[in-house]
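Right, one structure below, let's go through it.
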Amino acid sequence: MFLPSVSLRSLAFYAFMVLMASLGLWDVFFGFEENKCSMSYMFEYPEFQKIQLPKKVAKRYPSYELYLYGEGSYAEEHKILPLTGIPVLFLPGNAGSYKQVRSMGSIALRKAEDIDFKYHFDFFSVNFNEELVALYGGSLQKQTKFVHECIKAILQLYKGQEFAPKSVAIIGHSMGGLVARALLTLKNFKQDLLNLLITQATPHVAPVMPLDRFITDFYMTVNNYWILNARHINLTTLSVAGGFRDYQVRSGLTFLPKLSHHTSALSVVSSAVPKTWVSTDHLSIVWCKQLQLTTIRAFFDLIDADTKQITQDPKKKLSVLNHHFIRHPAKHFEEKPAIISDLTVTPLWVPVKVSKWSYVAYNESDNIYFTFPLANHRKIYSHAYCQSTMLDTNSWIFGCINSTSMCQQGVDLSWKAELLPTIKSLTLRLQDYPSLSHLVVYVPSVHGSKFVVDCEFFIKETRSIQLHVTHLFSFGLSSRTVKLNTNGLFYNIELLNFGQIYQAFQVNVDSKCSGVKEEITSIYKLHIPWSYEDSLTIAQVPSSTEISLKLHVAQPDNDSHVASLKMYTSSDCEYEVTIKTSFPQILGQVVRFHGGALPAYVVSSILLAYGGQLYSLFSAGHCLEYATMLDKEAKPYKVDPFVIMIKFLLGYQWFKEIWDALLLPELDVIVLTSQSMCFPLVSLILFLFGTCTAHWGGLLWSTALRLLSSLWLTLKRPSELPKDIRMLSPHLPLLTTVLIVISWVTCGALAILLMYLYYVFKIVHLQASVTNFKNSQTVNPKHSRRSDKRCNQHKEAAHPPCLSASEAEDSLRMHSTVATLLAWVVLLCVPSLIYWLKNLRYYFKLNPDPCKPLAFILIPTIAILGNTYNVSIKSSKLLKTTSQFPLPLAIGVIAFGSTHLYRVPCFVFVPLALHALCNFM
């Protein structure tokens with residue numbers, strides 16, 4: 001019934017699109033580095049002490065709880081309240097467990113033990129009953145209000161203590177971070193109750209899958225509040241993303257908007273966090289040891305020694321977060337670091353006059369100062385670069401003023417250094433330090449340790465190389481290459497014309513070394529200046545190393561910075577850098593940024609095929625195959641040009657005023673443009689993917705229908721085709737009423753699913769009848785002729801009309817398309833059903849229910865369609881109009897439903913309702 005109607009060319013095209021989609025999906029789900037996170041373990045058995053909340057709160061939120069984390073003796077001591085530490089509240093995300101706090105809580109406890117509990121943190125965690133808030137947004141407001149009650153309850157636990165806290169810090173994972181931000185929107189919430197917010201893999205910009213209007217309304221409320229009240233929000237906020245390993249929440253969604261020039265909000269990807277340098281998936285971000293160690297170090301540096309609580313000084317908070325999450329100078333944090341340092345601890349001052357110098361320190365008995373006079377170097381070179389493999393936190397590089405051979409005091413330049421995985425490095429622009437006469441490198445005495453210190457002076461132009469990236473449509477067939485032959489320690493390759501999210505490249509770095517006996521390490525750092533999403537690759541040279549270049553955030557229009565590949569190399573090696581476009585990774589970016597819109601494009605394609613079938617029924621008197629109509633009608637030029645034209649017209653004020661007067665929502669493509677997510681030809685690519693999915697979905701449904709009908713024939717063989725094809729059968733009003741009641745008292749999605757199953761049952765029964773009729777026709781042709789004659793007699797008489805074999809097959813084609821269309825509606829409604837089933841023990845009725853209004857209108861429509869046959873509607877006066885509606889609705893689905901998926905069922909309902917009305921007109 002399906003494949004014979006598809007041409008070989010179309011089949012080859014659909015197979016090709018499957019290949020393209022598979023390449024994109026592979027890049028999203030597998031095209032990233034291996035998990036390099038170390039697992040965090042508990043040293044003692046973790047315990048979760050339930051905190052007793054006020055009875056009114058417990059009664060209002062029966063499914064939510066508050067816990068205090070503890071281990072061993074600490075847990076035993078703190079069972080007797082009140083508490084004496086610093087409160088931190090952990091908020092889990094979608095389907096998250098309150099037990100996810102144990103990694104941070106355990107590491108913080110070990111850190112407190114190291115300082116003899118001079119300071120310690122009390123980690124609390126909220127149990128949201130693992131609610132699926134990413135699928136159903138109706139409980140987000142409830143969670144927000146419960147967290148407010150928890151904060152008040154937590155502060156009560158410290159009442160009467162000498163250093164009682166007046167606020168709490170919050171760590172929010174995934175949607176928990178959004179709930180924390182939503183606290184500020186509550187009318188009775190005091191902002192002073194929060195002193196710090198750290199979010200992990202939280203989609204701040206927009207929901208990952210906007211499956212109901214409650215999620216989008218919640219996002220709009222939170223983000224609008226933060227934007228409109230930016231000057232009054234003093235809450236220091238840090239958002240940490242997981243990078244490309246997190247395919248559940250892409251990192252671009254986690255970047256907080258820069259609300260003002262004095263913003264206290266930071267956003268960073270975990271691969272750029274110093275001492276972390278790894279990408280994390282959506283769950284490992286809460287237990288990744290490297291990241292949690294960094295977070296806990298920051299927490300302890302945030303403590304105010306006077307209040308023994310987290311500091312209230314926003315400048316210090318921002319300074320600490322910058323130190324640990326943005327740029328680490330390989331020194332312990334100091335609020336007011338000493339700029340001038342004493343340098344007279346050793347008599348060994350060694351002058352160095354060469355422009356390139358290296359020193360291997362091993363079992364040094366004395367401290368040594370190596371001095372580099374800058375007067376002559378300034379005349380020739382523009383920059384100085386030094387690096388050390390000694391990764392301690394002591395000061396190691398200084399600048400002297402008006403010195404000859406040695407100086408008693410020097411400017412500590414170590415604070416301007418940068419910590420990397422295997423080295424700490426410093427690059428100085430000499431003209432920025434005109435008062436310095438010497439550069440001093442300090443080599444401490446070491447016993448049993450070996451490290452290397454290197455310095456060189458260079459001209460910027462010799463180390464800064466411009467490389468034009470290959471064109472998007474080169475498909476990896478062409479490449480560009482640069483060779484680094486100057487044997488330097490540092491290179492900066494500027495990647496020109498690289499700033500869009502739809503660009504993706506494969507970089508290959510080949511290194512060749514001469515006369516090297518020991519293993520040498522090189523570091524390649526992709527630096528993105530407009531967002532903190534840098535990534536590092538460590539390579540043992542000589543080697544051939546592959547690096548993927550793609551972005552989480554597009555370059556802003558008003559930003560002129562250039563992305564670069566910073567290479568920390570060996571002077572004994574030569575490097576060759578080759579870049580070419582990576583087509584699979586471009587497809588991966590399409591899937592990563594726009595994959596959530598695919599259901600809208602699938603439904604749009606099915607609507608076009610459905611409209612074609614209705615028109616063929618009107619014009620030719622019979623319904624053509626779904627696959628044939630999909631191949632004929634589902635064309636991008638029927639949809640995309642209209643969306644583009646509307647977007648163009650909205651640029652004119654008069655059209656915008658008419659648009660607003662009609663209360664039409666904003667075009668989804670404009671929303672995407674505001675988020676810098678517009679790919680060239682992306683709508684065309686998605687439409688082709690959607691048509692391909694609609695095609696193979698139809699094939700799957702056709703196969704399933706045949707299997708189910710065969711099973712039906714095995715269990716119960718129907719004797720003949722339906723005799724009575726009246727639209728309103730006796731049981732239909734009762735069934736419709738029952739399902740509407742179910743949607744009212746329980747969950748609308750449940751009623752829609754039950755009605756859909758009834759509709760599928762009707763189709764399976766019809767398919768089984770047709771199959772049985774064909775089989776009997778083969779065995780007994782006379783039986784077939786008698787059946788057709790009897791059916792014709794029914795039509796001529798006053799009896800209800802019956803169905804012939806050809807009419808049954810014709811109706812079956814239409815029903816199959818409607819069932820395929822409805823399957824996507826049910827799929828978009830299922831998330832709220834899953835949420836309701838998971839929380840059934842707490843409440844019987846889902847409130848609010850996003851599918852209830854849809855259920856009230858869709859259930860009667862499906863009920864009528866389940867008893868509708870083409871023979872009864874092809875003479876309808878409304879059929880021509882009905883056949884013309886799917887096209888504008890297919891356009892509407894793309895225009896308004898690609899980033900608001902909950903709107904898609906509304907566009908599907910309209911042609912189905914008109915189809916049902918054809919029975920009456």
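By convention in this document, the chains of the structure tokens carry letters A, B, ... by their order, each chain's residues are numbered from 1, and ligands are numbered from 1 in the order they are shown.
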Members of range 209-359 of chain A assigned helix (DSSP H, G or I) by DSSP, as a PyMOL selection string: chain A and resi 213-228+230-232+243-245+251-254+270-272+284-286+289-301+314-326
Residues near Lys275 in chain A, cut-off 8 Å, only C-alpha atoms, skip fewer than 5 positions along chain, as a PyMOL selection string: chain A and resi 290-291+294+420-421
Take the residues just selected and output them with C-alpha atoms as an mmCIF file, in the first residue's frame.
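In the end it all went to again-v3.cif:
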```
data_model
loop_
_atom_site.group_PDB
_atom_site.id
_atom_site.type_symbol
_atom_site.label_atom_id
_atom_site.label_comp_id
_atom_site.auth_asym_id
_atom_site.auth_seq_id
_atom_site.Cartn_x
_atom_site.Cartn_y
_atom_site.Cartn_z
ATOM 1 C CA GLN A 290 37.391 18.927 38.766
ATOM 2 C CA LEU A 291 34.447 21.308 38.521
ATOM 3 C CA THR A 294 36.760 24.631 41.691
ATOM 4 C CA LEU A 420 47.150 26.093 31.853
ATOM 5 C CA PRO A 421 47.044 22.309 32.350
#
```
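With distances restricted to only C-alpha atoms, A:Thr470 is the closest residue to Gln503 in chain A from A:Asn775, A:Thr470, A:Thr569, A:Asn363.
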Straight-line distance linking CA of Ile523 in chain A with CA of Phe505 in chain A, stated in Å to one decimal: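 Calculated distance between CA of Ile523 in chain A and CA of Phe505 in chain A is 18.6 Å.
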From A:Phe490, A:Tyr442, A:Tyr902, A:Phe687, residue lying nearest Asp412 in chain A [only C-alpha atoms]: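 With only C-alpha atoms as the atom set, the closest residue is A:Tyr442.
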Hey, which bits of range 801-850 of chain A sit within 12 Å of range 615-620 of chain A, and for each residue what's the closest pair of atoms and how far apart in Å (one decimal), counting only C-alpha atoms, rows by chain and increasing number, as CSV?
```
residue,atom,partner,partner_atom,distance
A:Glu807,CA,A:Leu617,CA,11.4
A:Asp810,CA,A:Leu617,CA,9.1
A:Ser811,CA,A:Leu617,CA,10.0
A:Arg813,CA,A:Leu617,CA,11.0
A:Met814,CA,A:Leu617,CA,9.4
```
Selected residue, from A:Ala609, A:Ala916, A:Ser883, A:Leu878, that lies nearest to Leu858 in chain A when counting only C-alpha atoms: A:Ala916
Contact residues around His915 in chain A with only C-alpha atoms at 9 Å, ignoring same-chain residues under 5 positions, as a ChimeraX atom specification: /A:614,861,865,873,878-879,882-883,910
Go ahead and write the residues just picked, N, CA and C atoms, as a compact mmCIF listing (two decimals), in the first residue's frame.
```txt
# COMPACT_ATOMS: atom_id res chain seq x y z
N LEU A 614 -7.32 15.50 0.29
CA LEU A 614 -8.67 16.05 0.32
C LEU A 614 -9.05 16.65 -1.04
N THR A 861 -14.10 15.66 17.60
CA THR A 861 -13.64 15.65 16.21
C THR A 861 -13.12 14.27 15.82
N LEU A 865 -14.57 11.62 13.04
CA LEU A 865 -13.69 11.16 11.96
C LEU A 865 -13.54 9.64 11.96
N ILE A 873 -18.61 11.99 2.26
CA ILE A 873 -18.23 13.40 2.30
C ILE A 873 -17.77 13.94 0.95
N LEU A 878 -18.59 21.62 1.55
CA LEU A 878 -17.48 22.18 2.33
C LEU A 878 -16.14 21.55 1.97
N LEU A 879 -16.16 20.48 1.17
CA LEU A 879 -14.93 19.71 0.91
C LEU A 879 -13.87 20.54 0.20
N THR A 882 -12.32 22.83 2.66
CA THR A 882 -11.51 22.03 3.59
C THR A 882 -10.18 21.66 2.98
N SER A 883 -10.18 21.32 1.69
CA SER A 883 -8.94 20.92 1.03
C SER A 883 -7.97 22.08 0.86
N VAL A 910 -7.71 22.42 13.15
CA VAL A 910 -8.60 23.16 12.23
C VAL A 910 -9.01 22.32 11.02
```
Polymer residues at most 12 Å from Gly448 in chain A, only C-alpha atoms, same-chain spacing of 3 or more positions, as JSON, numbers by chain: {"A": [361, 362, 363, 364, 365, 445, 451]}
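If only C-alpha atoms are the atoms counted, then among A:Asp366, A:Asp557, A:Glu47, A:Asp313 the closest residue to Lys79 in chain A is A:Glu47.
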Those in range 574-661 of chain A with strand (DSSP E or B) from DSSP, as a PyMOL selection string: chain A and resi 574-581
Best match for closeness to Thr144 in chain A among A:Ser872, A:Thr185, A:Ser514, A:Ser40, counting only C-alpha atoms: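 Looking at the shortest contact to Thr144 in chain A, the residue is A:Thr185.
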Pick from A:Ile752, A:Pro337, A:Gly612, A:Asp510, whichever lies nearest to Ile740 in chain A using only C-alpha atoms: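 Selected residue with least distance to Ile740 in chain A: A:Ile752.
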Polymer residues at most 10 Å from Ser832 in chain A, only C-alpha atoms, same-chain spacing of 2 or more positions, as number ranges by chain: A: 132-133, 135-138, 211-212, 747-750, 828-830, 834-838, 846, 849-851
Take the residues from that selection and put them in a file with N, CA and C atoms, as an mmCIF file, in the first residue's frame.
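To be explicit, this is the file written out as out.cif:
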```
data_model
loop_
_atom_site.group_PDB
_atom_site.id
_atom_site.type_symbol
_atom_site.label_atom_id
_atom_site.label_comp_id
_atom_site.auth_asym_id
_atom_site.auth_seq_id
_atom_site.Cartn_x
_atom_site.Cartn_y
_atom_site.Cartn_z
ATOM 1 N N LEU A 132 9.223 16.175 36.210
ATOM 2 C CA LEU A 132 9.678 16.407 34.840
ATOM 3 C C LEU A 132 9.310 17.824 34.402
ATOM 4 N N VAL A 133 9.954 18.795 35.015
ATOM 5 C CA VAL A 133 9.578 20.188 34.764
ATOM 6 C C VAL A 133 10.051 20.689 33.408
ATOM 7 N N LEU A 135 9.408 19.009 30.771
ATOM 8 C CA LEU A 135 8.343 18.544 29.891
ATOM 9 C C LEU A 135 7.003 19.189 30.223
ATOM 10 N N TYR A 136 6.847 19.581 31.476
ATOM 11 C CA TYR A 136 5.590 20.184 31.924
ATOM 12 C C TYR A 136 5.923 21.365 32.825
ATOM 13 N N GLY A 137 5.523 22.553 32.395
ATOM 14 C CA GLY A 137 5.886 23.765 33.133
ATOM 15 C C GLY A 137 4.891 24.210 34.171
ATOM 16 N N GLY A 138 3.822 23.443 34.357
ATOM 17 C CA GLY A 138 2.779 23.870 35.285
ATOM 18 C C GLY A 138 3.193 23.882 36.736
ATOM 19 N N LEU A 211 7.007 22.628 25.259
ATOM 20 C CA LEU A 211 5.906 21.707 25.003
ATOM 21 C C LEU A 211 4.579 22.187 25.558
ATOM 22 N N ASP A 212 4.595 23.207 26.394
ATOM 23 C CA ASP A 212 3.331 23.805 26.839
ATOM 24 C C ASP A 212 3.547 25.287 27.114
ATOM 25 N N CYS A 747 -6.745 14.099 33.373
ATOM 26 C CA CYS A 747 -5.700 14.707 32.545
ATOM 27 C C CYS A 747 -6.177 14.726 31.093
ATOM 28 N N GLY A 748 -6.094 15.869 30.461
ATOM 29 C CA GLY A 748 -6.549 16.000 29.085
ATOM 30 C C GLY A 748 -5.784 15.113 28.124
ATOM 31 N N ALA A 749 -4.472 14.966 28.350
ATOM 32 C CA ALA A 749 -3.656 14.121 27.468
ATOM 33 C C ALA A 749 -4.093 12.666 27.535
ATOM 34 N N LEU A 750 -4.553 12.222 28.707
ATOM 35 C CA LEU A 750 -5.032 10.839 28.847
ATOM 36 C C LEU A 750 -6.260 10.619 27.976
ATOM 37 N N LEU A 828 3.071 15.175 21.202
ATOM 38 C CA LEU A 828 3.311 16.464 21.846
ATOM 39 C C LEU A 828 2.524 16.627 23.137
ATOM 40 N N CYS A 829 1.457 15.808 23.311
ATOM 41 C CA CYS A 829 0.654 15.871 24.537
ATOM 42 C C CYS A 829 1.157 14.900 25.608
ATOM 43 N N VAL A 830 1.898 13.888 25.190
ATOM 44 C CA VAL A 830 2.305 12.824 26.116
ATOM 45 C C VAL A 830 3.126 13.326 27.315
ATOM 46 N N ILE A 834 2.784 11.912 31.126
ATOM 47 C CA ILE A 834 3.835 11.257 31.912
ATOM 48 C C ILE A 834 3.974 11.944 33.266
ATOM 49 N N TYR A 835 3.954 13.264 33.247
ATOM 50 C CA TYR A 835 4.046 14.014 34.508
ATOM 51 C C TYR A 835 2.876 13.652 35.425
ATOM 52 N N TRP A 836 1.672 13.584 34.870
ATOM 53 C CA TRP A 836 0.487 13.277 35.677
ATOM 54 C C TRP A 836 0.576 11.869 36.266
ATOM 55 N N LEU A 837 0.982 10.899 35.468
ATOM 56 C CA LEU A 837 1.100 9.518 35.951
ATOM 57 C C LEU A 837 2.139 9.417 37.067
ATOM 58 N N LYS A 838 3.232 10.157 36.931
ATOM 59 C CA LYS A 838 4.292 10.092 37.928
ATOM 60 C C LYS A 838 3.861 10.690 39.268
ATOM 61 N N LEU A 846 -4.746 16.823 37.116
ATOM 62 C CA LEU A 846 -3.611 17.650 36.715
ATOM 63 C C LEU A 846 -4.065 19.106 36.626
ATOM 64 N N ASP A 849 -3.667 22.157 33.461
ATOM 65 C CA ASP A 849 -3.591 21.122 32.436
ATOM 66 C C ASP A 849 -3.489 21.778 31.058
ATOM 67 N N PRO A 850 -2.323 21.661 30.390
ATOM 68 C CA PRO A 850 -2.162 22.324 29.088
ATOM 69 C C PRO A 850 -2.989 21.696 27.975
ATOM 70 N N CYS A 851 -3.411 20.442 28.144
ATOM 71 C CA CYS A 851 -4.116 19.730 27.071
ATOM 72 C C CYS A 851 -5.630 19.702 27.252
#
```
